[in-house]
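This is structure-v3.tsv. It holds TSV, C-alpha atoms and all ligand atoms.
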```
chain	number	residue	atom	x	y	z
P	933	MET	CA	22.69	127.98	72.73
P	934	LEU	CA	20.06	130.23	74.37
P	935	GLN	CA	19.73	130.65	78.12
P	936	ILE	CA	17.18	132.80	79.86
P	937	ARG	CA	17.24	133.33	83.64
P	938	GLY	CA	14.87	135.42	85.74
P	939	LEU	CA	13.55	137.38	82.75
P	940	LYS	CA	11.08	140.12	83.63
P	941	LYS	CA	9.63	142.68	81.27
P	942	LYS	CA	6.99	145.31	81.91
P	943	PHE	CA	5.72	148.25	79.88
P	944	HIS	CA	4.98	151.64	81.34
P	945	VAL	CA	1.66	152.78	79.92
P	946	ALA	CA	-0.48	155.75	81.05
P	947	GLY	CA	1.46	156.12	84.30
P	948	LYS	CA	1.22	152.42	85.18
P	949	ASP	CA	3.66	149.54	84.98
P	950	ILE	CA	2.11	146.58	83.18
P	951	PRO	CA	4.04	143.32	83.66
P	952	ILE	CA	4.19	141.33	80.42
P	953	LEU	CA	6.69	138.51	80.84
P	954	ASP	CA	8.10	136.61	83.81
P	955	ILE	CA	10.18	133.59	82.76
P	956	PRO	CA	12.27	132.13	85.60
P	957	GLU	CA	14.27	129.84	83.31
P	958	TRP	CA	14.25	128.69	79.69
P	959	ASN	CA	17.06	126.86	77.91
P	960	VAL	CA	17.20	126.11	74.21
P	961	LYS	CA	19.81	123.68	72.92
P	962	ALA	CA	21.64	124.23	69.65
P	963	GLY	CA	19.66	122.85	66.75
P	964	GLU	CA	16.25	122.87	68.47
P	965	LYS	CA	13.18	124.02	66.51
P	966	ILE	CA	10.53	125.53	68.77
P	967	ALA	CA	7.16	127.14	68.05
P	968	ILE	CA	6.14	129.92	70.47
P	969	THR	CA	2.37	130.05	70.84
P	970	GLY	CA	-0.16	131.75	73.07
P	971	PRO	CA	-3.10	134.14	73.04
P	972	SER	CA	-2.88	137.58	71.47
P	973	GLY	CA	-1.11	140.02	73.79
P	974	SER	CA	0.58	137.29	75.87
P	975	GLY	CA	4.06	138.60	75.03
P	976	LYS	CA	5.27	136.32	72.22
P	977	SER	CA	6.65	139.11	70.01
P	978	THR	CA	8.06	140.86	73.07
P	979	LEU	CA	10.01	137.69	73.88
P	980	LEU	CA	11.52	137.62	70.37
P	981	HIS	CA	12.35	141.35	70.63
P	982	LEU	CA	14.19	140.64	73.89
P	983	ILE	CA	16.08	137.63	72.49
P	984	SER	CA	17.08	139.62	69.39
P	985	GLY	CA	18.23	142.54	71.55
P	986	ILE	CA	15.85	145.00	69.85
P	987	MET	CA	14.31	145.50	73.29
P	988	ARG	CA	16.02	145.55	76.67
P	989	LEU	CA	14.79	143.43	79.56
P	990	ASP	CA	14.06	144.91	82.99
P	991	GLU	CA	15.53	142.07	85.05
P	992	GLY	CA	17.32	138.82	84.40
P	993	GLU	CA	19.78	137.49	81.86
P	994	ILE	CA	19.72	136.37	78.26
P	995	SER	CA	22.79	134.59	76.88
P	996	ILE	CA	23.25	133.36	73.33
P	997	GLY	CA	26.20	131.01	72.95
P	998	ASP	CA	28.98	132.54	75.02
P	999	SER	CA	27.63	136.09	74.73
P	1000	ARG	CA	25.61	137.76	77.49
P	1001	LEU	CA	23.15	139.86	75.53
P	1002	SER	CA	21.76	141.41	78.71
P	1003	ALA	CA	25.20	142.89	79.50
P	1004	MET	CA	25.55	144.66	76.12
P	1005	ASN	CA	24.59	148.23	75.33
P	1006	GLU	CA	22.26	149.03	72.43
P	1007	SER	CA	24.94	149.29	69.74
P	1008	GLY	CA	26.56	146.05	70.97
P	1009	ARG	CA	23.20	144.30	70.72
P	1010	ASP	CA	22.64	145.76	67.23
P	1011	ARG	CA	26.03	144.44	66.06
P	1012	PHE	CA	25.40	141.07	67.69
P	1013	ARG	CA	22.02	140.79	65.97
P	1014	ALA	CA	23.45	141.72	62.56
P	1015	ASP	CA	26.23	139.14	62.88
P	1016	GLN	CA	24.55	136.27	64.71
P	1017	ILE	CA	20.78	136.34	64.31
P	1018	GLY	CA	18.49	135.90	61.31
P	1019	TYR	CA	15.14	137.64	61.83
P	1020	ILE	CA	12.07	136.96	59.69
P	1021	LEU	CA	8.95	139.08	60.08
P	1022	GLN	CA	5.34	138.69	59.00
P	1023	ASP	CA	5.45	141.68	56.67
P	1024	PHE	CA	8.79	140.89	55.02
P	1025	HIS	CA	10.23	144.45	55.44
P	1026	LEU	CA	11.85	144.44	52.00
P	1027	ILE	CA	13.03	147.77	50.57
P	1028	PRO	CA	10.60	148.53	47.70
P	1029	SER	CA	13.11	150.43	45.50
P	1030	LEU	CA	15.65	147.57	45.49
P	1031	THR	CA	15.48	144.31	43.56
P	1032	ALA	CA	15.08	141.01	45.41
P	1033	LYS	CA	18.81	140.33	44.95
P	1034	GLN	CA	19.82	143.78	46.21
P	1035	ASN	CA	17.57	143.36	49.26
P	1036	VAL	CA	19.52	140.22	50.12
P	1037	GLU	CA	22.95	141.64	49.29
P	1038	ILE	CA	22.69	144.67	51.56
P	1039	ALA	CA	21.98	142.42	54.53
P	1040	MET	CA	24.88	140.00	53.84
P	1041	ASN	CA	27.71	139.67	56.27
P	1042	ARG	CA	30.86	141.51	55.10
P	1043	LYS	CA	32.98	138.41	55.70
P	1044	TYR	CA	32.21	137.19	52.15
P	1045	SER	CA	34.30	138.20	49.11
P	1046	SER	CA	32.42	139.59	46.12
P	1047	ALA	CA	32.75	136.27	44.24
P	1048	GLU	CA	31.42	134.37	47.27
P	1049	ARG	CA	28.55	136.84	47.59
P	1050	ARG	CA	27.54	136.30	43.95
P	1051	ASP	CA	27.70	132.51	44.25
P	1052	ARG	CA	25.82	132.43	47.53
P	1053	VAL	CA	23.06	134.69	46.23
P	1054	ASP	CA	22.64	132.56	43.08
P	1055	ASP	CA	22.64	129.38	45.12
P	1056	TRP	CA	20.03	130.64	47.63
P	1057	PHE	CA	17.65	132.01	45.01
P	1058	GLU	CA	17.80	128.62	43.34
P	1059	ARG	CA	17.20	126.78	46.63
P	1060	VAL	CA	13.96	128.66	47.23
P	1061	GLY	CA	12.86	128.44	43.57
P	1062	LEU	CA	13.22	132.14	42.76
P	1063	GLN	CA	16.15	132.12	40.31
P	1064	GLU	CA	14.00	133.82	37.64
P	1065	ARG	CA	12.87	136.57	40.04
P	1066	LYS	CA	16.17	137.90	41.38
P	1067	ASP	CA	15.93	141.17	39.47
P	1068	HIS	CA	12.30	141.84	40.33
P	1069	LYS	CA	11.37	144.48	42.86
P	1070	PRO	CA	9.20	143.44	45.85
P	1071	GLY	CA	6.10	145.04	44.30
P	1072	GLU	CA	6.49	142.70	41.31
P	1073	LEU	CA	6.49	139.60	43.52
P	1074	SER	CA	3.63	137.71	45.19
P	1075	ARG	CA	3.46	137.76	48.99
P	1076	GLY	CA	4.77	134.19	49.19
P	1077	GLN	CA	7.68	135.13	46.91
P	1078	GLN	CA	8.43	138.21	49.03
P	1079	GLN	CA	8.53	136.01	52.13
P	1080	ARG	CA	10.97	133.66	50.35
P	1081	VAL	CA	13.24	136.64	49.67
P	1082	ALA	CA	12.98	137.69	53.33
P	1083	ILE	CA	13.89	134.12	54.33
P	1084	ILE	CA	16.99	134.18	52.08
P	1085	ARG	CA	17.96	137.54	53.57
P	1086	ALA	CA	17.72	136.12	57.09
P	1087	LEU	CA	19.57	132.86	56.37
P	1088	ILE	CA	22.20	133.71	53.76
P	1089	SER	CA	24.92	134.69	56.22
P	1090	GLU	CA	24.32	131.43	58.13
P	1091	PRO	CA	23.26	132.73	61.53
P	1092	LYS	CA	23.10	130.05	64.21
P	1093	LEU	CA	19.90	131.51	65.70
P	1094	ILE	CA	16.89	132.20	63.49
P	1095	LEU	CA	13.87	134.04	64.87
P	1096	ALA	CA	10.62	134.34	62.95
P	1097	ASP	CA	7.61	136.41	64.07
P	1098	GLU	CA	4.40	135.17	62.44
P	1099	PRO	CA	6.21	134.35	59.16
P	1100	THR	CA	3.01	132.97	57.64
P	1101	GLY	CA	0.59	135.39	59.29
P	1102	SER	CA	-0.25	137.40	56.19
P	1103	LEU	CA	-0.35	134.51	53.71
P	1104	ASP	CA	-3.21	132.33	52.48
P	1105	TRP	CA	-3.16	128.87	54.05
P	1106	GLU	CA	-1.69	127.09	51.04
P	1107	THR	CA	1.20	129.55	50.72
P	1108	ALA	CA	1.58	129.51	54.51
P	1109	ASP	CA	2.04	125.72	54.40
P	1110	GLU	CA	4.68	126.04	51.67
P	1111	ILE	CA	6.58	128.71	53.60
P	1112	ALA	CA	6.43	126.71	56.86
P	1113	GLU	CA	7.80	123.66	55.06
P	1114	LEU	CA	10.51	125.68	53.32
P	1115	LEU	CA	11.65	127.30	56.56
P	1116	LEU	CA	11.89	123.97	58.40
P	1117	GLU	CA	13.64	122.37	55.43
P	1118	LEU	CA	16.23	125.17	55.17
P	1119	CYS	CA	16.82	125.08	58.94
P	1120	ARG	CA	16.80	121.30	59.36
P	1121	SER	CA	20.52	121.09	60.12
P	1122	ASP	CA	21.53	120.87	63.77
P	1123	LEU	CA	23.55	124.03	63.18
P	1124	HIS	CA	20.36	126.06	63.00
P	1125	THR	CA	18.29	126.89	66.08
P	1126	LEU	CA	14.85	128.10	65.06
P	1127	LEU	CA	12.25	129.92	67.20
P	1128	VAL	CA	9.00	130.78	65.48
P	1129	VAL	CA	6.13	132.81	66.96
P	1130	THR	CA	2.91	131.65	65.37
P	1131	HIS	CA	-0.86	131.72	65.75
P	1132	ASP	CA	-1.08	129.14	63.02
P	1133	LEU	CA	-1.66	125.79	64.72
P	1134	ARG	CA	-0.95	123.98	61.43
P	1135	MET	CA	2.51	125.53	61.56
P	1136	ALA	CA	2.99	124.87	65.30
P	1137	GLU	CA	2.13	121.20	64.74
P	1138	ARG	CA	5.15	120.84	62.45
P	1139	PHE	CA	7.50	121.63	65.33
P	1140	PRO	CA	8.71	118.99	67.77
P	1141	GLU	CA	8.61	121.46	70.68
P	1142	CYS	CA	6.46	124.39	71.68
P	1143	LEU	CA	6.75	127.16	74.28
P	1144	HIS	CA	3.22	128.14	75.18
P	1145	ILE	CA	2.77	131.53	76.89
P	1146	ARG	CA	-0.72	131.46	78.35
P	1147	GLN	CA	-0.13	134.50	80.50
P	1148	ILE	CA	2.70	136.25	82.29
P	1149	ASN	CA	3.41	133.59	84.91
P	1150	ASP	CA	2.07	130.61	82.99
P	1151	VAL	CA	4.75	129.71	80.44
P	1152	HIS	CA	5.23	126.05	79.59
P	1153	ARG	CA	7.34	124.03	77.29
P	1154	ARG	CA	5.54	121.17	75.55
P	1155	THR	CA	6.91	118.30	73.51
P	1156	ARG	CA	4.91	116.91	70.66
P	1157	GLU	CA	3.06	113.75	71.48
P	1158	PRO	CA	1.07	111.48	69.19
P	1159	GLY	CA	-1.96	113.52	68.18
P	1160	GLY	CA	-0.25	116.89	68.36
P	1161	LEU	CA	1.15	119.45	70.73
P	1162	ALA	CA	-1.89	119.47	73.07
P	1163	ILE	CA	-1.84	123.24	73.32
Q	1	LIG	N1	6.14	149.22	73.18
Q	1	LIG	C1	5.10	148.87	73.95
Q	1	LIG	N2	4.59	149.73	74.87
Q	1	LIG	C2	3.56	149.37	75.65
Q	1	LIG	N3	2.96	148.18	75.59
Q	1	LIG	C3	3.39	147.29	74.70
Q	1	LIG	C4	4.48	147.59	73.82
Q	1	LIG	N4	4.71	146.51	73.04
Q	1	LIG	C5	3.81	145.59	73.39
Q	1	LIG	N5	3.01	146.06	74.39
Q	1	LIG	C6	1.94	145.32	75.06
Q	1	LIG	O1	2.53	144.12	75.57
Q	1	LIG	C7	1.64	143.02	75.44
Q	1	LIG	C8	2.34	141.91	74.69
Q	1	LIG	O2	2.53	142.33	73.33
Q	1	LIG	P1	3.13	141.34	72.24
Q	1	LIG	O3	3.11	142.05	70.94
Q	1	LIG	O4	4.41	140.78	72.72
Q	1	LIG	O5	2.04	140.17	72.28
Q	1	LIG	P2	1.85	138.94	71.30
Q	1	LIG	O6	1.64	137.75	72.16
Q	1	LIG	O7	2.95	138.87	70.31
Q	1	LIG	O8	0.49	139.36	70.60
Q	1	LIG	P3	-0.07	139.05	69.14
Q	1	LIG	O9	-0.23	137.56	69.08
Q	1	LIG	O10	-1.39	139.76	69.11
Q	1	LIG	O11	0.92	139.58	68.13
Q	1	LIG	C9	0.39	143.57	74.76
Q	1	LIG	O12	-0.57	143.82	75.74
Q	1	LIG	C10	0.86	144.85	74.12
Q	1	LIG	O13	-0.20	145.79	74.06
```
Entire entry expressed as structure tokens:
Amino acid sequence: MLQIRGLKKKFHVAGKDIPILDIPEWNVKAGEKIAITGPSGSGKSTLLHLISGIMRLDEGEISIGDSRLSAMNESGRDRFRADQIGYILQDFHLIPSLTAKQNVEIAMNRKYSSAERRDRVDDWFERVGLQERKDHKPGELSRGQQQRVAIIRALISEPKLILADEPTGSLDWETADEIAELLLELCRSDLHTLLVVTHDLRMAERFPECLHIRQINDVHRRTREPGGLAI
């Protein structure tokens, strides 16, 4: 589902090139759930930005399904992301003037008829336990509820690839546990491939696989063994 070959990314800061990522090869099969961990500044968010096409790589190739993201221009990558990728961020990025339902509706794929849209929205708010909160604005919701809305927004059009950047980073640990469980439950089908950047080792431990970025040329995939991921 996701193939990365010879990926290199550097940033140009104060007249100097600073290499951030160097990943010779990384393959993710359809349906895999992988936590991406590593120290602050190791390039975890940059990797998600590259996979989502928000950022362009310097060298190498990224393919998602049959599409070569690295060969697309910016507007092609934007369209691809809107159609094929669900993106969940730490700070929800909900529009404050819209209700929870409207925040979801504006992000929905246009392939759905208006009746399908209504049914899907109702169904998803019920699945995440927010049926009574659909008409509330983000400011009237708790942070955990706002993240549930952001999760619906990312998943409602059924993207095959779901990326989440610190989805529990701004939540208390109890709410973080609930959100981690919800996300894995909603994505449990083999149709969903889920990559989650997290500092939260409790969250990482829930995943069968982990990509640990220790530093630019020290990137390893780990499989969970009895006793944890041994990060
Ligand atoms: N647009 C940019 N311009 C210059 N440097 C950048 C830019 N974006 C990120 N960086 C630098 O690239 C490095 C990797 O950043 P990134 O946000 O990917 O790390 P991270 O592993 O996600 O960190 P954290 O866990 O703290 O969120 C950092 O040193 C950061 O300062």
Compile a residue-level contact table for chain P against ligand LIG 1 (chain Q) at a cut-off of 10 Å, reporting for every qualifying residue the shortest atom pair and its distance in Å to one decimal, with only C-alpha atoms and all ligand atoms counted, rows ordered by chain and ascending number, as CSV.
```
residue,atom,partner,partner_atom,distance
P:Lys941,CA,Q:LIG1,O1,9.2
P:Lys942,CA,Q:LIG1,O1,7.8
P:Phe943,CA,Q:LIG1,C2,4.9
P:His944,CA,Q:LIG1,C2,6.3
P:Val945,CA,Q:LIG1,C2,5.8
P:Ala946,CA,Q:LIG1,C2,9.3
P:Asp949,CA,Q:LIG1,C2,9.3
P:Ile950,CA,Q:LIG1,N3,7.8
P:Pro951,CA,Q:LIG1,O1,8.3
P:Ile952,CA,Q:LIG1,O1,5.8
P:Leu953,CA,Q:LIG1,C8,8.3
P:Ile968,CA,Q:LIG1,O6,9.2
P:Thr969,CA,Q:LIG1,O6,7.8
P:Gly970,CA,Q:LIG1,O6,6.3
P:Pro971,CA,Q:LIG1,O9,6.0
P:Ser972,CA,Q:LIG1,O10,3.5
P:Gly973,CA,Q:LIG1,O5,3.5
P:Ser974,CA,Q:LIG1,O6,3.9
P:Gly975,CA,Q:LIG1,O4,3.2
P:Lys976,CA,Q:LIG1,O6,3.9
P:Ser977,CA,Q:LIG1,O7,3.7
P:Thr978,CA,Q:LIG1,O4,3.7
P:Leu979,CA,Q:LIG1,O4,6.5
P:Leu980,CA,Q:LIG1,O4,8.1
P:His981,CA,Q:LIG1,O4,8.2
P:Leu982,CA,Q:LIG1,O4,9.9
P:Met987,CA,Q:LIG1,N1,9.0
P:Asp1097,CA,Q:LIG1,O7,8.2
P:Glu1098,CA,Q:LIG1,O11,8.0
P:Gly1101,CA,Q:LIG1,O11,9.8
P:Val1129,CA,Q:LIG1,O7,7.6
P:Thr1130,CA,Q:LIG1,O9,7.7
P:His1131,CA,Q:LIG1,O9,6.8
P:Ile1145,CA,Q:LIG1,O6,7.9
P:Arg1146,CA,Q:LIG1,O6,9.1
P:Gln1147,CA,Q:LIG1,O6,9.1
P:Ile1148,CA,Q:LIG1,C8,9.5
```
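The space separating atom CA of P:Ala1136 from atom CA of P:Gly1071 comes to 29.3 Å.
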For the atom pair atom CA of P:Ala962 and atom CA of P:Asp1122, what is the interatomic distance in Å to one decimal place?
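These atoms are spaced 6.8 Å apart.
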Separation of atom CA of P:Ser1007 from atom CA of P:Glu957 in Å
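Spanning atom CA of P:Glu957 to atom CA of P:Ser1007 is a straight-line distance of 26.0 Å.
Among the candidate residues P:Ala1112, P:Leu1087, P:Ala1032, P:Ile955, the one lying nearest to P:Thr1100 is P:Ala1112, with distances computed using all atoms listed in the file.
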List the spatial neighbours of P:Leu1073 as number ranges by chain - criterion: any atom at most 12 Å away, only C-alpha atoms, same-chain residues fewer than 3 positions off excluded.
P: 1024, 1026, 1028, 1031-1032, 1062, 1064-1070, 1076-1082
